[in-house]
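Engineer: Okay, so here is upload.cif, and as you'll see once you scroll down, it has mmCIF, C-alpha atoms.
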```cif
data_run
#
loop_
_atom_site.label_atom_id
_atom_site.label_comp_id
_atom_site.auth_asym_id
_atom_site.auth_seq_id
_atom_site.Cartn_x
_atom_site.Cartn_y
_atom_site.Cartn_z
CA GLY A 1 -16.68 22.67 -7.05
CA THR A 2 -14.50 22.98 -10.13
CA ALA A 3 -11.14 24.69 -10.29
CA VAL A 4 -10.61 27.15 -13.14
CA GLY A 5 -7.24 28.90 -13.24
CA ALA A 6 -6.79 30.75 -9.98
CA ALA A 7 -10.52 30.79 -9.20
CA VAL A 8 -12.89 28.18 -7.80
CA ARG A 9 -16.52 28.01 -8.86
CA VAL A 10 -19.15 26.36 -6.65
CA TRP A 11 -22.24 24.96 -8.34
CA ASP A 12 -25.70 23.96 -7.16
CA VAL A 13 -26.14 20.55 -8.74
CA LYS A 14 -29.95 20.65 -8.86
CA SER A 15 -30.34 24.13 -10.35
CA GLN A 16 -27.01 24.03 -12.23
CA ALA A 17 -26.42 27.58 -10.97
CA ASN A 18 -22.97 29.00 -10.17
CA VAL A 19 -23.63 29.97 -6.54
CA ALA A 20 -20.14 31.25 -5.71
CA THR A 21 -16.90 32.24 -7.40
CA LEU A 22 -13.96 32.26 -5.00
CA GLU A 23 -10.90 34.23 -6.08
CA GLY A 24 -7.68 34.88 -4.24
CA HIS A 25 -5.18 32.19 -5.25
CA ALA A 26 -2.13 33.50 -7.08
CA GLY A 27 -1.28 30.00 -8.33
CA ALA A 28 -3.46 27.56 -10.25
CA VAL A 29 -5.75 25.51 -8.01
CA GLN A 30 -4.61 21.88 -7.87
CA CYS A 31 -6.96 20.23 -5.37
CA LEU A 32 -10.03 20.92 -3.25
CA ASN A 33 -12.21 19.25 -0.67
CA PHE A 34 -15.41 20.05 1.23
CA SER A 35 -15.71 19.79 5.00
CA GLU A 36 -18.11 17.08 6.12
CA ASN A 37 -20.84 19.60 7.00
CA GLY A 38 -20.41 21.35 3.65
CA PHE A 39 -19.91 24.77 5.24
CA TYR A 40 -16.25 25.05 4.25
CA LEU A 41 -14.14 24.37 1.19
CA ALA A 42 -10.37 23.87 1.30
CA THR A 43 -8.25 24.56 -1.77
CA GLY A 44 -4.58 23.99 -2.52
CA ALA A 45 -2.56 25.68 -5.24
CA ALA A 46 0.53 25.18 -7.38
CA ASP A 47 2.47 27.79 -5.39
CA GLY A 48 1.96 25.91 -2.11
CA ALA A 49 -0.85 28.10 -0.76
CA VAL A 50 -3.77 26.51 1.13
CA LYS A 51 -6.99 28.43 1.67
CA LEU A 52 -10.13 27.72 3.66
CA TRP A 53 -13.34 29.30 2.34
CA ASP A 54 -16.53 29.94 4.32
CA LEU A 55 -19.25 29.01 1.82
CA ARG A 56 -22.02 30.58 3.89
CA GLN A 57 -20.30 33.98 3.73
CA ARG A 58 -18.55 33.20 0.42
CA THR A 59 -15.34 34.61 1.83
CA GLU A 60 -11.80 33.47 2.54
CA ALA A 61 -11.61 32.37 6.18
CA LEU A 62 -7.99 31.22 6.50
CA SER A 63 -4.85 31.15 4.39
CA PHE A 64 -1.62 29.20 4.86
CA THR A 65 1.67 29.33 2.94
CA GLU A 66 3.85 26.70 4.63
CA SER A 67 4.32 24.41 1.60
CA SER A 68 7.09 25.33 -0.84
CA ASP A 69 5.72 23.34 -3.80
CA LEU A 70 2.31 22.45 -5.21
CA VAL A 71 -0.33 21.14 -2.82
CA THR A 72 -1.45 17.72 -4.05
CA ASP A 73 -4.29 16.69 -1.71
CA LEU A 74 -6.36 17.94 1.24
CA ALA A 75 -8.29 16.11 3.96
CA PHE A 76 -10.54 17.32 6.76
CA VAL A 77 -10.36 15.33 10.01
CA ASP A 78 -12.81 16.10 12.80
CA GLY A 79 -11.54 15.34 16.27
CA LYS A 80 -10.83 17.19 19.49
CA ALA A 81 -9.42 19.93 17.25
CA PRO A 82 -10.83 20.16 13.71
CA THR A 83 -7.85 19.69 11.43
CA LEU A 84 -7.04 20.19 7.77
CA VAL A 85 -4.20 18.06 6.40
CA ALA A 86 -2.28 18.96 3.24
CA SER A 87 0.19 16.89 1.25
CA SER A 88 2.73 18.54 -1.01
CA ALA A 89 5.22 17.77 -3.76
CA ASP A 90 7.86 19.36 -1.50
CA GLY A 91 7.89 16.12 0.54
CA CYS A 92 6.31 17.53 3.71
CA LEU A 93 2.93 16.96 5.29
CA CYS A 94 1.23 19.91 7.02
CA THR A 95 -1.59 19.85 9.54
CA PHE A 96 -3.58 23.01 10.25
CA ASP A 97 -5.51 23.59 13.47
CA LEU A 98 -8.70 25.20 12.16
CA ARG A 99 -9.86 26.32 15.59
CA ARG A 100 -6.68 28.34 16.16
CA GLY A 101 -6.26 29.19 12.49
CA ALA A 102 -2.61 28.19 12.59
CA LEU A 103 -0.14 25.55 11.51
CA GLY A 104 -0.40 22.58 13.84
CA ALA A 105 2.60 20.57 12.69
CA MET A 106 4.86 19.92 9.72
CA SER A 107 6.45 16.54 9.09
CA ASP A 108 10.09 15.92 8.36
CA ASN A 109 10.81 15.93 4.64
CA GLN A 110 10.00 12.43 3.42
CA GLU A 111 12.39 12.80 0.45
CA ASP A 112 9.50 11.79 -1.80
CA GLU A 113 6.63 13.70 -3.37
CA LEU A 114 3.47 13.28 -1.27
CA LEU A 115 0.51 12.91 -3.64
CA SER A 116 -2.61 11.67 -1.85
CA LEU A 117 -4.23 11.35 1.59
CA ALA A 118 -6.63 8.98 3.34
CA PRO A 119 -7.53 9.18 7.06
CA MET A 120 -7.98 5.63 8.37
CA LYS A 121 -8.55 3.66 11.56
CA ASN A 122 -11.11 6.08 13.01
CA GLY A 123 -8.77 9.01 12.47
CA THR A 124 -5.82 7.43 14.31
CA LYS A 125 -3.84 6.81 11.12
CA LEU A 126 -3.20 8.85 7.99
CA VAL A 127 -2.16 7.05 4.80
CA VAL A 128 -0.12 9.05 2.29
CA GLY A 129 0.47 8.00 -1.31
CA THR A 130 3.88 8.92 -2.74
CA GLU A 131 5.68 9.38 -6.05
CA SER A 132 7.83 6.30 -5.38
CA GLY A 133 4.79 4.05 -4.89
CA VAL A 134 5.19 3.60 -1.14
CA LEU A 135 2.14 4.18 1.05
CA GLY A 136 3.40 5.98 4.15
CA ILE A 137 1.37 5.64 7.35
CA PHE A 138 1.45 8.42 9.96
CA SER A 139 0.13 7.87 13.47
CA TRP A 140 -2.17 10.77 14.33
CA GLY A 141 -0.36 13.41 16.36
CA ASP A 142 3.10 11.97 15.62
CA TRP A 143 3.94 14.01 12.54
CA GLY A 144 7.72 13.86 12.52
CA ASP A 145 7.95 10.76 10.35
CA VAL A 146 5.82 7.86 9.16
CA SER A 147 5.35 5.02 11.62
CA ASP A 148 4.98 2.39 8.90
CA ARG A 149 5.38 1.89 5.15
CA LEU A 150 3.24 -0.24 2.87
CA LEU A 151 4.85 -1.60 -0.31
CA GLY A 152 3.23 -3.13 -3.38
CA HIS A 153 2.82 -0.27 -5.88
CA PRO A 154 5.57 -0.24 -8.51
CA GLN A 155 4.76 3.33 -9.52
CA SER A 156 3.31 6.49 -7.95
CA VAL A 157 0.08 6.38 -5.92
CA ASP A 158 -1.78 9.42 -7.24
CA ALA A 159 -5.09 8.95 -5.41
CA VAL A 160 -6.46 6.97 -2.46
CA VAL A 161 -10.00 6.69 -1.12
CA PRO A 162 -11.11 4.73 1.99
CA ILE A 163 -13.79 2.04 1.64
CA ASN A 164 -13.93 1.75 5.44
CA ASP A 165 -11.54 2.25 8.36
CA ASP A 166 -9.45 -0.79 7.39
CA VAL A 167 -9.45 -0.89 3.58
CA LEU A 168 -8.78 1.68 0.87
CA LEU A 169 -8.70 1.85 -2.92
CA SER A 170 -5.59 3.16 -4.63
CA ALA A 171 -4.98 4.62 -8.09
CA SER A 172 -1.50 4.33 -9.53
CA SER A 173 0.36 5.66 -12.53
CA ASP A 174 0.84 2.04 -13.64
CA GLY A 175 -2.88 2.13 -14.56
CA ILE A 176 -4.02 -0.33 -11.90
CA LEU A 177 -6.74 0.19 -9.26
CA ARG A 178 -5.93 -1.81 -6.14
CA VAL A 179 -7.65 -2.78 -2.88
CA VAL A 180 -5.29 -2.25 0.05
CA GLY A 181 -5.61 -3.28 3.69
CA VAL A 182 -4.17 -1.11 6.47
CA HIS A 183 -2.97 -2.77 9.69
CA PRO A 184 -2.49 -5.52 8.67
CA ASN A 185 -0.77 -3.93 5.67
CA ARG A 186 -1.15 -5.74 2.37
CA VAL A 187 -2.41 -5.37 -1.17
CA LEU A 188 -5.60 -7.44 -1.24
CA GLY A 189 -6.41 -7.42 -4.94
CA VAL A 190 -7.12 -5.51 -8.13
CA VAL A 191 -10.41 -3.78 -8.95
CA GLY A 192 -9.63 -2.80 -12.53
CA GLU A 193 -7.09 -1.18 -14.80
CA HIS A 194 -6.54 1.42 -17.49
CA ARG A 195 -3.86 -0.67 -19.19
CA ASP A 196 -0.84 1.55 -19.86
CA HIS A 197 -2.49 4.83 -18.91
CA PRO A 198 -1.91 6.40 -15.48
CA VAL A 199 -4.88 6.79 -13.13
CA GLU A 200 -4.79 10.28 -11.61
CA ALA A 201 -8.13 10.53 -9.76
CA ILE A 202 -10.78 8.25 -8.30
CA ALA A 203 -14.13 8.80 -6.60
CA LEU A 204 -16.32 6.39 -4.65
CA THR A 205 -20.09 6.71 -4.25
CA ALA A 206 -21.38 7.20 -0.71
CA ASP A 207 -22.78 3.64 -0.61
CA GLY A 208 -19.42 2.23 -1.72
CA GLU A 209 -20.98 0.43 -4.67
CA ARG A 210 -19.40 2.30 -7.59
CA LEU A 211 -15.93 3.60 -8.26
CA ALA A 212 -15.07 6.12 -10.99
CA SER A 213 -11.50 6.44 -12.21
#
```
What does this structure look like when you write it as structure tokens?
Structural biologist:
Amino acid sequence: GTAVGAAVRVWDVKSQANVATLEGHAGAVQCLNFSENGFYLATGAADGAVKLWDLRQRTEALSFTESSDLVTDLAFVDGKAPTLVASSADGCLCTFDLRRGALGAMSDNQEDELLSLAPMKNGTKLVVGTESGVLGIFSWGDWGDVSDRLLGHPQSVDAVVPINDDVLLSASSDGILRVVGVHPNRVLGVVGEHRDHPVEAIALTADGERLAS
């Protein structure tokens, strides 16, 4: 999917056809993510709105407006209750119970912009990248405040992607791509860098062999 203004276009990669155009956001779309089964697409906008789209029906399934600032990242987590997690520049993390179609929980304000999300440890932990460079770690179900903080990034952590349940890759505005271990918490090394240019997005191939930044 690619975000264009307040609309989202969904493409068939093989045929290069635009198979759906999803409109309904009042604010510009900032982030999006597919559910694991590919049936749903979550989108977050600059005005704080989060929407869930049913791609089989090509319709809006759910809409949430709890965030007061732009939505920076979205993550689906399948568990006893399928959950969508949203980070926001307003400093709060929101979880949405997709079965009930309602807000599950909202964290305390972390007094820091929340920029990126990575479920870890078989869904028992959620790592959140922040504007200050701290990686906050929430324990699943305990959404009031982070249970742990991981230091080592001198500038903002704009994107994170898990390699496995214990290790993730981080992209920072200092231009460096790092390998980071979670529980035990430590920066393990550097994958590459963009010198003085900030890294705003990263993607890892399904086999874990190639990273684009």
Engineer: Mind checking which residues fall within 8 Å of range 59-73 of chain A, counting only C-alpha atoms, ignoring those fewer than 4 positions away in the same chain, and posting them as a ChimeraX atom specification?
Structural biologist: /A:22,30-32,44-55,86-90,92,94,101-103,114-117
Engineer: Take CA of Asp148 in chain A and CA of Val179 in chain A and report the distance between them in Å, one decimal.
Structural biologist: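 Interatomic distance here is 18.0 Å.
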Engineer: Which polymer residues have any atom within 9 Å of an atom of Trp143 in chain A, counting only C-alpha atoms, with same-chain residues fewer than 6 positions away left out, as a list in words?
Structural biologist: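 Answer for this query is Leu93, Cys94, Thr95, Ala105, Met106, Ser107 and Asp108 of chain A.
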Engineer: Let me know the residues the PyMOL selection byres ((chain A and resi 169-178) around 7) catches in the file above, as a compact mmCIF listing (two decimals) with C-alpha atoms, in the frame of the given file.
Structural biologist:
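And here's part-v7.txt as it stands now:
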```
# COMPACT_ATOMS: atom_id res chain seq x y z
CA GLN A 155 4.76 3.33 -9.52
CA SER A 156 3.31 6.49 -7.95
CA VAL A 157 0.08 6.38 -5.92
CA ASP A 158 -1.78 9.42 -7.24
CA ALA A 159 -5.09 8.95 -5.41
CA VAL A 160 -6.46 6.97 -2.46
CA VAL A 161 -10.00 6.69 -1.12
CA PRO A 162 -11.11 4.73 1.99
CA ILE A 163 -13.79 2.04 1.64
CA LEU A 168 -8.78 1.68 0.87
CA VAL A 179 -7.65 -2.78 -2.88
CA VAL A 180 -5.29 -2.25 0.05
CA GLY A 189 -6.41 -7.42 -4.94
CA VAL A 190 -7.12 -5.51 -8.13
CA VAL A 191 -10.41 -3.78 -8.95
CA GLY A 192 -9.63 -2.80 -12.53
CA GLU A 193 -7.09 -1.18 -14.80
CA HIS A 194 -6.54 1.42 -17.49
CA ARG A 195 -3.86 -0.67 -19.19
CA ASP A 196 -0.84 1.55 -19.86
CA HIS A 197 -2.49 4.83 -18.91
CA PRO A 198 -1.91 6.40 -15.48
CA VAL A 199 -4.88 6.79 -13.13
CA GLU A 200 -4.79 10.28 -11.61
CA ALA A 201 -8.13 10.53 -9.76
CA ILE A 202 -10.78 8.25 -8.30
```
Engineer: Which is closest to Thr43 in chain A among A:Asp12, A:Glu131, A:Glu23, A:Glu111, if we use all atoms listed in the file?
Structural biologist: A:Glu23
Engineer: Convert the output of the PyMOL selection byres ((chain A and resi 128) around 7) on the shown file into explicit residues, formatted as a PyMOL selection string.
Structural biologist: chain A and resi 114+116-118+126-127+129-130+135-137
Engineer: Let me make sure I understand: among A:Trp11, A:Phe34, A:Trp140, A:Tyr40, which one has the smallest atom-to-atom distance to Gly104 in chain A if we use all atoms listed in the file?
Structural biologist: A:Trp140
Engineer: Can you work out the spacing between CA of Arg149 in chain A and CA of Val77 in chain A in Å, to one decimal?
Structural biologist: 21.3 Å
Engineer: If you measure from CA of Gly181 in chain A to CA of Val85 in chain A, what distance in Å do you get, rounded to one decimal?
Structural biologist: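 Between CA of Gly181 in chain A and CA of Val85 in chain A the gap is 21.6 Å.
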Engineer: Please write as a ChimeraX atom specification the full residue list that the PyMOL selection byres ((chain A and resi 98) around 8) yields on this file.
Structural biologist: /A:81-84,96-97,99-102
Engineer: Taking into account only C-alpha atoms, which residue in the set A:Pro184, A:Gln110, A:Ser139, A:Asn164 is nearest to Ala206 in chain A?
Structural biologist: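 The answer is A:Asn164, which sits nearest to Ala206 in chain A.
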Engineer: Rank nothing, just name the residue among A:Thr124, A:Gln57, A:Ser15, A:Thr21 nearest to Ser147 in chain A, using only C-alpha atoms.
Structural biologist: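 Nearest to Ser147 in chain A: A:Thr124.
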Engineer: With distances taken over all atoms listed in the file, which residue among A:Val146, A:Lys125, A:Gly133, A:His25 lies nearest Asn109 in chain A?
Structural biologist: A:Val146
Engineer: Given the choices A:Val182, A:Leu188, A:Val13, A:Ala42, which gets closest to Val29 in chain A if the distance is worked out from all atoms listed in the file?
Structural biologist: A:Ala42
Engineer: Kindly list the centre and edge lengths in Å, rounded to one decimal, for the axis-aligned box that covers all listed atoms of range 181-189 of chain A plus 5 Å on each of its six sides, as JSON.
Structural biologist:
```
{"center_x": -3.6, "center_y": -4.3, "center_z": 2.4, "size_x": 15.6, "size_y": 16.3, "size_z": 24.6}
```
Engineer: Do a neighbour search on Arg56 in chain A at 10 Å with all atoms listed in the file, toss out local chain neighbours closer than 4 positions, and write the hits as a PyMOL selection string.
Structural biologist: chain A and resi 20+38-40
